[in-house]
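Asker: Got a structure for you, final17.pdb, holding PDB, C-alpha atoms, pLDDT in the B column.
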ATOM      1  CA  MET A  92      14.103  10.018  -8.941  1.00 57.00           C
ATOM      2  CA  THR A  93      10.776   8.421  -9.758  1.00 73.00           C
ATOM      3  CA  ILE A  94      10.663   5.341 -11.930  1.00 87.00           C
ATOM      4  CA  ASN A  95       7.604   3.825 -13.636  1.00 90.00           C
ATOM      5  CA  LYS A  96       6.034   7.268 -14.057  1.00 91.00           C
ATOM      6  CA  GLU A  97       3.744   6.029 -16.848  1.00 93.00           C
ATOM      7  CA  LYS A  98       2.389   3.190 -14.703  1.00 93.00           C
ATOM      8  CA  LEU A  99       1.807   5.504 -11.747  1.00 93.00           C
ATOM      9  CA  ALA A 100       0.075   8.063 -13.990  1.00 94.00           C
ATOM     10  CA  LEU A 101      -2.195   5.338 -15.387  1.00 94.00           C
ATOM     11  CA  ARG A 102      -3.043   4.189 -11.866  1.00 94.00           C
ATOM     12  CA  GLN A 103      -3.839   7.774 -10.864  1.00 94.00           C
ATOM     13  CA  LYS A 104      -6.042   8.272 -13.939  1.00 95.00           C
ATOM     14  CA  VAL A 105      -8.065   5.146 -13.116  1.00 94.00           C
ATOM     15  CA  ALA A 106      -8.317   6.164  -9.436  1.00 94.00           C
ATOM     16  CA  GLU A 107      -9.862   9.527 -10.379  1.00 95.00           C
ATOM     17  CA  HIS A 108     -12.957   7.755 -11.731  1.00 92.00           C
ATOM     18  CA  ARG A 109     -13.288   5.442  -8.725  1.00 92.00           C
ATOM     19  CA  PRO A 110     -16.009   6.532  -6.286  1.00 90.00           C
ATOM     20  CA  GLU A 111     -15.355   7.124  -2.607  1.00 89.00           C
ATOM     21  CA  PHE A 112     -16.774   4.004  -0.993  1.00 92.00           C
ATOM     22  CA  GLU A 113     -18.560   4.787   2.265  1.00 92.00           C
ATOM     23  CA  ARG A 114     -19.932   2.541   4.962  1.00 94.00           C
ATOM     24  CA  GLN A 115     -23.715   2.423   4.994  1.00 92.00           C
ATOM     25  CA  GLU A 116     -25.457   5.039   7.113  1.00 91.00           C
ATOM     26  CA  SER A 117     -22.096   6.502   8.204  1.00 94.00           C
ATOM     27  CA  TRP A 118     -23.352   9.926   7.148  1.00 92.00           C
ATOM     28  CA  ARG A 119     -26.356   9.464   9.410  1.00 94.00           C
ATOM     29  CA  TYR A 120     -24.789   8.358  12.684  1.00 96.00           C
ATOM     30  CA  LYS A 121     -21.676   9.828  14.262  1.00 96.00           C
ATOM     31  CA  ARG A 122     -20.777   6.537  15.990  1.00 97.00           C
ATOM     32  CA  ILE A 123     -20.362   4.743  12.645  1.00 96.00           C
ATOM     33  CA  SER A 124     -17.022   5.388  10.960  1.00 96.00           C
ATOM     34  CA  VAL A 125     -16.757   6.103   7.241  1.00 95.00           C
ATOM     35  CA  ASN A 126     -14.438   3.109   6.649  1.00 95.00           C
ATOM     36  CA  TRP A 127     -15.858   0.642   4.150  1.00 95.00           C
ATOM     37  CA  ARG A 128     -17.724  -2.416   5.408  1.00 95.00           C
ATOM     38  CA  LYS A 129     -19.614  -4.736   3.100  1.00 95.00           C
ATOM     39  CA  PRO A 130     -23.368  -4.507   3.624  1.00 94.00           C
ATOM     40  CA  LYS A 131     -24.575  -8.020   4.438  1.00 94.00           C
ATOM     41  CA  GLY A 132     -28.183  -7.615   5.526  1.00 93.00           C
ATOM     42  CA  VAL A 133     -30.946  -9.526   3.750  1.00 94.00           C
ATOM     43  CA  ASP A 134     -32.998  -6.410   3.079  1.00 92.00           C
ATOM     44  CA  ASN A 135     -30.134  -3.925   3.020  1.00 89.00           C
ATOM     45  CA  HIS A 136     -30.893  -1.070   0.635  1.00 90.00           C
ATOM     46  CA  GLN A 137     -27.293  -0.312  -0.191  1.00 89.00           C
ATOM     47  CA  ARG A 138     -26.496  -3.950  -0.988  1.00 90.00           C
ATOM     48  CA  LYS A 139     -29.538  -4.215  -3.246  1.00 90.00           C
ATOM     49  CA  GLN A 140     -28.896  -0.726  -4.690  1.00 85.00           C
ATOM     50  CA  LYS A 141     -32.592  -0.173  -4.124  1.00 86.00           C
ATOM     51  CA  PHE A 142     -32.753   3.607  -4.459  1.00 83.00           C
ATOM     52  CA  ARG A 143     -30.695   6.184  -6.315  1.00 82.00           C
ATOM     53  CA  GLY A 144     -28.297   8.224  -4.207  1.00 84.00           C
ATOM     54  CA  ARG A 145     -26.855   5.276  -2.315  1.00 86.00           C
ATOM     55  CA  PRO A 146     -23.042   4.984  -2.375  1.00 88.00           C
ATOM     56  CA  GLY A 147     -21.602   2.376  -4.717  1.00 87.00           C
ATOM     57  CA  LEU A 148     -20.428  -1.058  -3.686  1.00 91.00           C
ATOM     58  CA  VAL A 149     -16.854  -2.240  -3.910  1.00 92.00           C
ATOM     59  CA  LYS A 150     -16.602  -4.485  -6.967  1.00 91.00           C
ATOM     60  CA  VAL A 151     -13.801  -6.121  -8.920  1.00 92.00           C
ATOM     61  CA  GLY A 152     -14.248  -3.734 -11.852  1.00 90.00           C
ATOM     62  CA  TYR A 153     -12.952  -0.781  -9.833  1.00 92.00           C
ATOM     63  CA  GLY A 154      -9.459  -2.267  -9.491  1.00 92.00           C
ATOM     64  CA  GLY A 155      -6.370  -0.502 -10.776  1.00 92.00           C
ATOM     65  CA  PRO A 156      -4.346  -1.503 -13.830  1.00 94.00           C
ATOM     66  CA  LYS A 157      -2.522  -4.813 -13.573  1.00 94.00           C
ATOM     67  CA  ILE A 158       0.861  -3.349 -14.546  1.00 92.00           C
ATOM     68  CA  ALA A 159       0.747  -0.849 -11.661  1.00 92.00           C
ATOM     69  CA  ARG A 160      -0.206  -3.286  -8.908  1.00 90.00           C
ATOM     70  CA  GLY A 161       2.346  -3.759  -6.154  1.00 87.00           C
ATOM     71  CA  LEU A 162       4.110  -0.481  -6.904  1.00 92.00           C
ATOM     72  CA  HIS A 163       5.077   1.832  -4.082  1.00 93.00           C
ATOM     73  CA  PRO A 164       4.086   5.493  -4.670  1.00 92.00           C
ATOM     74  CA  SER A 165       7.776   6.136  -5.403  1.00 91.00           C
ATOM     75  CA  GLY A 166       7.513   3.812  -8.426  1.00 93.00           C
ATOM     76  CA  PHE A 167       9.639   0.979  -7.033  1.00 95.00           C
ATOM     77  CA  THR A 168       8.227  -2.493  -6.402  1.00 94.00           C
ATOM     78  CA  ASP A 169       7.658  -3.267  -2.737  1.00 94.00           C
ATOM     79  CA  ASN A 170       9.702  -6.274  -1.548  1.00 95.00           C
ATOM     80  CA  LEU A 171       9.767  -7.675   1.977  1.00 96.00           C
ATOM     81  CA  VAL A 172      13.284  -8.616   3.086  1.00 96.00           C
ATOM     82  CA  HIS A 173      14.181 -10.792   6.072  1.00 96.00           C
ATOM     83  CA  ASN A 174      17.936 -11.209   5.498  1.00 95.00           C
ATOM     84  CA  ILE A 175      20.835 -10.186   3.273  1.00 95.00           C
ATOM     85  CA  THR A 176      20.520 -13.195   0.947  1.00 95.00           C
ATOM     86  CA  GLU A 177      17.020 -12.052  -0.058  1.00 95.00           C
ATOM     87  CA  LEU A 178      18.494  -8.623  -0.743  1.00 94.00           C
ATOM     88  CA  GLN A 179      21.000 -10.096  -3.210  1.00 94.00           C
ATOM     89  CA  LYS A 180      18.191 -11.443  -5.439  1.00 94.00           C
ATOM     90  CA  LEU A 181      16.773  -7.952  -6.073  1.00 95.00           C
ATOM     91  CA  ASN A 182      17.630  -5.264  -8.608  1.00 95.00           C
ATOM     92  CA  PRO A 183      18.284  -1.819  -7.071  1.00 94.00           C
ATOM     93  CA  LYS A 184      17.103   0.022 -10.181  1.00 94.00           C
ATOM     94  CA  GLU A 185      13.513  -1.263  -9.991  1.00 93.00           C
ATOM     95  CA  ASP A 186      13.035  -2.955  -6.599  1.00 95.00           C
ATOM     96  CA  GLY A 187      12.492  -1.178  -3.296  1.00 95.00           C
ATOM     97  CA  VAL A 188      13.147  -2.812   0.066  1.00 95.00           C
ATOM     98  CA  ARG A 189      10.891  -3.085   3.107  1.00 95.00           C
ATOM     99  CA  ILE A 190      12.598  -4.740   6.076  1.00 94.00           C
ATOM    100  CA  ALA A 191      10.390  -7.289   7.829  1.00 94.00           C
ATOM    101  CA  HIS A 192       8.875  -6.439  11.213  1.00 92.00           C
ATOM    102  CA  GLY A 193      10.445  -9.375  13.031  1.00 92.00           C
ATOM    103  CA  VAL A 194      14.016  -8.460  12.102  1.00 91.00           C
ATOM    104  CA  GLY A 195      16.044  -7.359  15.112  1.00 91.00           C
ATOM    105  CA  THR A 196      18.187  -4.251  15.406  1.00 89.00           C
ATOM    106  CA  LYS A 197      21.515  -5.978  14.787  1.00 92.00           C
ATOM    107  CA  LYS A 198      20.438  -7.667  11.573  1.00 93.00           C
ATOM    108  CA  ARG A 199      18.487  -4.552  10.551  1.00 92.00           C
ATOM    109  CA  HIS A 200      21.727  -2.539  10.708  1.00 92.00           C
ATOM    110  CA  GLU A 201      23.432  -5.132   8.492  1.00 93.00           C
ATOM    111  CA  ILE A 202      20.593  -5.127   5.951  1.00 94.00           C
ATOM    112  CA  VAL A 203      20.465  -1.324   5.812  1.00 93.00           C
ATOM    113  CA  ALA A 204      24.238  -1.105   5.350  1.00 94.00           C
ATOM    114  CA  ALA A 205      24.159  -3.644   2.506  1.00 95.00           C
ATOM    115  CA  ALA A 206      21.130  -1.956   0.908  1.00 95.00           C
ATOM    116  CA  MET A 207      22.703   1.495   1.036  1.00 94.00           C
ATOM    117  CA  GLU A 208      25.919   0.125  -0.426  1.00 95.00           C
ATOM    118  CA  LYS A 209      23.968  -1.286  -3.393  1.00 95.00           C
ATOM    119  CA  LYS A 210      21.856   1.920  -3.565  1.00 95.00           C
ATOM    120  CA  PHE A 211      18.462   0.356  -2.819  1.00 95.00           C
ATOM    121  CA  LYS A 212      15.431   2.472  -1.943  1.00 94.00           C
ATOM    122  CA  ILE A 213      14.555   1.539   1.679  1.00 94.00           C
ATOM    123  CA  PHE A 214      10.960   2.212   2.733  1.00 94.00           C
ATOM    124  CA  ASN A 215      11.330   1.607   6.479  1.00 91.00           C
ATOM    125  CA  ALA A 216      14.950   1.859   7.593  1.00 80.00           C
ATOM    126  CA  ARG A 217      14.191   2.745  11.262  1.00 70.00           C
ATOM    127  CA  VAL A 218      17.835   2.628  12.286  1.00 65.00           C
ATOM    128  CA  ARG A 219      19.327   4.855  14.957  1.00 63.00           C
ATOM    129  CA  THR A 220      22.794   6.213  14.421  1.00 55.00           C
ATOM    130  CA  SER A 221      23.517   6.462  18.155  1.00 58.00           C
ATOM    131  CA  GLY A 222      23.516   3.490  20.509  1.00 58.00           C
ATOM    132  CA  SER A 223      21.059   4.934  23.053  1.00 54.00           C
ATOM    133  CA  LYS A 224      17.294   4.289  23.023  1.00 57.00           C
ATOM    134  CA  SER A 225      16.114   7.756  24.049  1.00 48.00           C
TER     135      SER A 225
END
Can the structure in the file be given as structure tokens, please?
Answerer:
Amino acid sequence: MTINKEKLALRQKVAEHRPEFERQESWRYKRISVNWRKPKGVDNHQRKQKFRGRPGLVKVGYGGPKIARGLHPSGFTDNLVHNITELQKLNPKEDGVRIAHGVGTKKRHEIVAAAMEKKFKIFNARVRTSGSKS
């Protein structure tokens, strides 16, 4: 069951026209990863966009639509939950739940039980059914 299909489709449509941003000279040297880094050199050709054929720079105009920001690929909004009281403020029909990293196993079990009872979409349940840690 996907919700917000229109918003996700709009985000996908905008993303199709966005270029693949590459780190400078990553195609030239194997030791340089493709992950984006902002070119900061004074005479850097990519930063100045000096010659044609250079990859584009990340700019604010390439952002996705405002209505689709913060949506999980499932269509639910992504909400970080630390305890059950934060869970009670959310709506299960449009809000998804991500349990915070610092929450221990005991409280995590309680949150997952309460979330499943209210039929929330849980993004990172990570709960074992058995008691062993194997």
Asker: Just need the box for segment 113-123 of chain A, edges along x, y and z, holding every atom the file lists for it with 6 Å tacked onto each side, so centre and edge lengths in Å to one decimal, as AutoDock Vina command-line options.
Answerer:
--center_x -22.5 --center_y 6.2 --center_z 9.1 --size_x 19.8 --size_y 19.5 --size_z 25.7
Asker: May I have the residues at most 8 Å from (16.9, -13.1, 11.2) in the file's coordinates, counting only C-alpha atoms, as a VMD selection string?
Answerer: chain A and resid 173 to 174 193 to 195 198
Asker: Go through the shown structure with the PyMOL selection byres ((chain A and resi 110) around 9) and write out the matching residues as a PyMOL selection string.
Answerer: chain A and resi 106-109+111-112+146-147+153
Asker: Applying the PyMOL selection byres ((chain A and resi 163) around 12) to the file I just gave you, which residues come out? Please list them as JSON, numbers by chain.
Answerer: {"A": [93, 94, 95, 96, 98, 99, 102, 159, 160, 161, 162, 164, 165, 166, 167, 168, 169, 170, 185, 186, 187, 188, 189, 212, 213, 214]}
Asker: Save the residues we just selected, C-alpha atoms, as a PDB file, in the frame of the given file?
Answerer:
ATOM      1  CA  THR A  93      10.776   8.421  -9.758  1.00 73.00           C
ATOM      2  CA  ILE A  94      10.663   5.341 -11.930  1.00 87.00           C
ATOM      3  CA  ASN A  95       7.604   3.825 -13.636  1.00 90.00           C
ATOM      4  CA  LYS A  96       6.034   7.268 -14.057  1.00 91.00           C
ATOM      5  CA  LYS A  98       2.389   3.190 -14.703  1.00 93.00           C
ATOM      6  CA  LEU A  99       1.807   5.504 -11.747  1.00 93.00           C
ATOM      7  CA  ARG A 102      -3.043   4.189 -11.866  1.00 94.00           C
ATOM      8  CA  ALA A 159       0.747  -0.849 -11.661  1.00 92.00           C
ATOM      9  CA  ARG A 160      -0.206  -3.286  -8.908  1.00 90.00           C
ATOM     10  CA  GLY A 161       2.346  -3.759  -6.154  1.00 87.00           C
ATOM     11  CA  LEU A 162       4.110  -0.481  -6.904  1.00 92.00           C
ATOM     12  CA  PRO A 164       4.086   5.493  -4.670  1.00 92.00           C
ATOM     13  CA  SER A 165       7.776   6.136  -5.403  1.00 91.00           C
ATOM     14  CA  GLY A 166       7.513   3.812  -8.426  1.00 93.00           C
ATOM     15  CA  PHE A 167       9.639   0.979  -7.033  1.00 95.00           C
ATOM     16  CA  THR A 168       8.227  -2.493  -6.402  1.00 94.00           C
ATOM     17  CA  ASP A 169       7.658  -3.267  -2.737  1.00 94.00           C
ATOM     18  CA  ASN A 170       9.702  -6.274  -1.548  1.00 95.00           C
ATOM     19  CA  GLU A 185      13.513  -1.263  -9.991  1.00 93.00           C
ATOM     20  CA  ASP A 186      13.035  -2.955  -6.599  1.00 95.00           C
ATOM     21  CA  GLY A 187      12.492  -1.178  -3.296  1.00 95.00           C
ATOM     22  CA  VAL A 188      13.147  -2.812   0.066  1.00 95.00           C
ATOM     23  CA  ARG A 189      10.891  -3.085   3.107  1.00 95.00           C
ATOM     24  CA  LYS A 212      15.431   2.472  -1.943  1.00 94.00           C
ATOM     25  CA  ILE A 213      14.555   1.539   1.679  1.00 94.00           C
ATOM     26  CA  PHE A 214      10.960   2.212   2.733  1.00 94.00           C
TER      27      PHE A 214
END
Asker: Which value, in Å to one decimal, gives the distance between atom CA of Pro183 of chain A and atom CA of Pro156 of chain A?
Answerer: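 Atom CA of Pro183 of chain A sits 23.6 Å away from atom CA of Pro156 of chain A.
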Asker: Just add N, CA and C atoms to segment 122-155 of chain A and send it as a PDB file, in the coordinates of the input.
Answerer:
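And here's rebuild_9.pdb as it stands now:
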ATOM      1  N   ARG A 122     -21.494   7.675  15.412  1.00 97.00           N
ATOM      2  CA  ARG A 122     -20.777   6.537  15.990  1.00 97.00           C
ATOM      3  C   ARG A 122     -20.283   5.546  14.931  1.00 97.00           C
ATOM      4  N   ILE A 123     -20.774   5.654  13.713  1.00 96.00           N
ATOM      5  CA  ILE A 123     -20.362   4.743  12.645  1.00 96.00           C
ATOM      6  C   ILE A 123     -19.285   5.428  11.806  1.00 96.00           C
ATOM      7  N   SER A 124     -18.133   4.781  11.716  1.00 96.00           N
ATOM      8  CA  SER A 124     -17.022   5.388  10.960  1.00 96.00           C
ATOM      9  C   SER A 124     -17.279   5.278   9.461  1.00 96.00           C
ATOM     10  N   VAL A 125     -16.549   6.047   8.685  1.00 95.00           N
ATOM     11  CA  VAL A 125     -16.757   6.103   7.241  1.00 95.00           C
ATOM     12  C   VAL A 125     -16.081   4.915   6.544  1.00 95.00           C
ATOM     13  N   ASN A 126     -15.192   4.215   7.249  1.00 95.00           N
ATOM     14  CA  ASN A 126     -14.438   3.109   6.649  1.00 95.00           C
ATOM     15  C   ASN A 126     -15.372   2.069   6.049  1.00 95.00           C
ATOM     16  N   TRP A 127     -15.012   1.565   4.893  1.00 95.00           N
ATOM     17  CA  TRP A 127     -15.858   0.642   4.150  1.00 95.00           C
ATOM     18  C   TRP A 127     -16.077  -0.679   4.883  1.00 95.00           C
ATOM     19  N   ARG A 128     -17.332  -1.082   4.958  1.00 95.00           N
ATOM     20  CA  ARG A 128     -17.724  -2.416   5.408  1.00 95.00           C
ATOM     21  C   ARG A 128     -18.753  -2.922   4.418  1.00 95.00           C
ATOM     22  N   LYS A 129     -18.669  -4.182   4.067  1.00 95.00           N
ATOM     23  CA  LYS A 129     -19.614  -4.736   3.100  1.00 95.00           C
ATOM     24  C   LYS A 129     -20.991  -4.868   3.733  1.00 95.00           C
ATOM     25  N   PRO A 130     -22.025  -4.330   3.086  1.00 94.00           N
ATOM     26  CA  PRO A 130     -23.368  -4.507   3.624  1.00 94.00           C
ATOM     27  C   PRO A 130     -23.832  -5.944   3.422  1.00 94.00           C
ATOM     28  N   LYS A 131     -24.257  -6.595   4.512  1.00 94.00           N
ATOM     29  CA  LYS A 131     -24.575  -8.020   4.438  1.00 94.00           C
ATOM     30  C   LYS A 131     -26.010  -8.355   4.812  1.00 94.00           C
ATOM     31  N   GLY A 132     -26.813  -7.336   5.111  1.00 93.00           N
ATOM     32  CA  GLY A 132     -28.183  -7.615   5.526  1.00 93.00           C
ATOM     33  C   GLY A 132     -29.039  -8.141   4.397  1.00 93.00           C
ATOM     34  N   VAL A 133     -30.048  -8.925   4.743  1.00 94.00           N
ATOM     35  CA  VAL A 133     -30.946  -9.526   3.750  1.00 94.00           C
ATOM     36  C   VAL A 133     -31.708  -8.445   2.991  1.00 94.00           C
ATOM     37  N   ASP A 134     -32.201  -7.456   3.702  1.00 92.00           N
ATOM     38  CA  ASP A 134     -32.998  -6.410   3.079  1.00 92.00           C
ATOM     39  C   ASP A 134     -32.232  -5.087   2.963  1.00 92.00           C
ATOM     40  N   ASN A 135     -30.930  -5.138   3.011  1.00 89.00           N
ATOM     41  CA  ASN A 135     -30.134  -3.925   3.020  1.00 89.00           C
ATOM     42  C   ASN A 135     -30.275  -3.158   1.705  1.00 89.00           C
ATOM     43  N   HIS A 136     -30.636  -1.873   1.826  1.00 90.00           N
ATOM     44  CA  HIS A 136     -30.893  -1.070   0.635  1.00 90.00           C
ATOM     45  C   HIS A 136     -29.628  -0.782  -0.158  1.00 90.00           C
ATOM     46  N   GLN A 137     -28.530  -0.597   0.533  1.00 89.00           N
ATOM     47  CA  GLN A 137     -27.293  -0.312  -0.191  1.00 89.00           C
ATOM     48  C   GLN A 137     -26.819  -1.547  -0.945  1.00 89.00           C
ATOM     49  N   ARG A 138     -26.928  -2.714  -0.329  1.00 90.00           N
ATOM     50  CA  ARG A 138     -26.496  -3.950  -0.988  1.00 90.00           C
ATOM     51  C   ARG A 138     -27.341  -4.224  -2.224  1.00 90.00           C
ATOM     52  N   LYS A 139     -28.631  -3.977  -2.119  1.00 90.00           N
ATOM     53  CA  LYS A 139     -29.538  -4.215  -3.246  1.00 90.00           C
ATOM     54  C   LYS A 139     -29.502  -3.074  -4.263  1.00 90.00           C
ATOM     55  N   GLN A 140     -28.890  -1.937  -3.875  1.00 85.00           N
ATOM     56  CA  GLN A 140     -28.896  -0.726  -4.690  1.00 85.00           C
ATOM     57  C   GLN A 140     -30.345  -0.363  -5.029  1.00 85.00           C
ATOM     58  N   LYS A 141     -31.152  -0.319  -3.971  1.00 86.00           N
ATOM     59  CA  LYS A 141     -32.592  -0.173  -4.124  1.00 86.00           C
ATOM     60  C   LYS A 141     -33.007   1.219  -4.591  1.00 86.00           C
ATOM     61  N   PHE A 142     -32.364   2.257  -4.080  1.00 83.00           N
ATOM     62  CA  PHE A 142     -32.753   3.607  -4.459  1.00 83.00           C
ATOM     63  C   PHE A 142     -31.542   4.359  -4.987  1.00 83.00           C
ATOM     64  N   ARG A 143     -31.782   5.340  -5.833  1.00 82.00           N
ATOM     65  CA  ARG A 143     -30.695   6.184  -6.315  1.00 82.00           C
ATOM     66  C   ARG A 143     -30.156   7.012  -5.157  1.00 82.00           C
ATOM     67  N   GLY A 144     -28.890   7.403  -5.254  1.00 84.00           N
ATOM     68  CA  GLY A 144     -28.297   8.224  -4.207  1.00 84.00           C
ATOM     69  C   GLY A 144     -27.542   7.426  -3.170  1.00 84.00           C
ATOM     70  N   ARG A 145     -27.637   6.107  -3.235  1.00 86.00           N
ATOM     71  CA  ARG A 145     -26.855   5.276  -2.315  1.00 86.00           C
ATOM     72  C   ARG A 145     -25.422   5.172  -2.829  1.00 86.00           C
ATOM     73  N   PRO A 146     -24.435   5.140  -1.925  1.00 88.00           N
ATOM     74  CA  PRO A 146     -23.042   4.984  -2.375  1.00 88.00           C
ATOM     75  C   PRO A 146     -22.842   3.637  -3.063  1.00 88.00           C
ATOM     76  N   GLY A 147     -21.876   3.601  -3.976  1.00 87.00           N
ATOM     77  CA  GLY A 147     -21.602   2.376  -4.717  1.00 87.00           C
ATOM     78  C   GLY A 147     -20.990   1.297  -3.844  1.00 87.00           C
ATOM     79  N   LEU A 148     -21.022   0.083  -4.367  1.00 91.00           N
ATOM     80  CA  LEU A 148     -20.428  -1.058  -3.686  1.00 91.00           C
ATOM     81  C   LEU A 148     -19.041  -1.338  -4.264  1.00 91.00           C
ATOM     82  N   VAL A 149     -18.178  -1.855  -3.437  1.00 92.00           N
ATOM     83  CA  VAL A 149     -16.854  -2.240  -3.910  1.00 92.00           C
ATOM     84  C   VAL A 149     -17.016  -3.464  -4.798  1.00 92.00           C
ATOM     85  N   LYS A 150     -16.510  -3.370  -6.022  1.00 91.00           N
ATOM     86  CA  LYS A 150     -16.602  -4.485  -6.967  1.00 91.00           C
ATOM     87  C   LYS A 150     -15.266  -4.653  -7.668  1.00 91.00           C
ATOM     88  N   VAL A 151     -15.077  -5.792  -8.299  1.00 92.00           N
ATOM     89  CA  VAL A 151     -13.801  -6.121  -8.920  1.00 92.00           C
ATOM     90  C   VAL A 151     -13.477  -5.183 -10.084  1.00 92.00           C
ATOM     91  N   GLY A 152     -14.463  -4.608 -10.706  1.00 90.00           N
ATOM     92  CA  GLY A 152     -14.248  -3.734 -11.852  1.00 90.00           C
ATOM     93  C   GLY A 152     -13.591  -2.408 -11.510  1.00 90.00           C
ATOM     94  N   TYR A 153     -13.556  -2.047 -10.244  1.00 92.00           N
ATOM     95  CA  TYR A 153     -12.952  -0.781  -9.833  1.00 92.00           C
ATOM     96  C   TYR A 153     -11.450  -0.895  -9.581  1.00 92.00           C
ATOM     97  N   GLY A 154     -10.876  -2.061  -9.767  1.00 92.00           N
ATOM     98  CA  GLY A 154      -9.459  -2.267  -9.491  1.00 92.00           C
ATOM     99  C   GLY A 154      -8.560  -1.460 -10.409  1.00 92.00           C
ATOM    100  N   GLY A 155      -7.335  -1.253  -9.988  1.00 92.00           N
ATOM    101  CA  GLY A 155      -6.370  -0.502 -10.776  1.00 92.00           C
ATOM    102  C   GLY A 155      -5.774  -1.353 -11.881  1.00 92.00           C
TER     103      GLY A 155
END
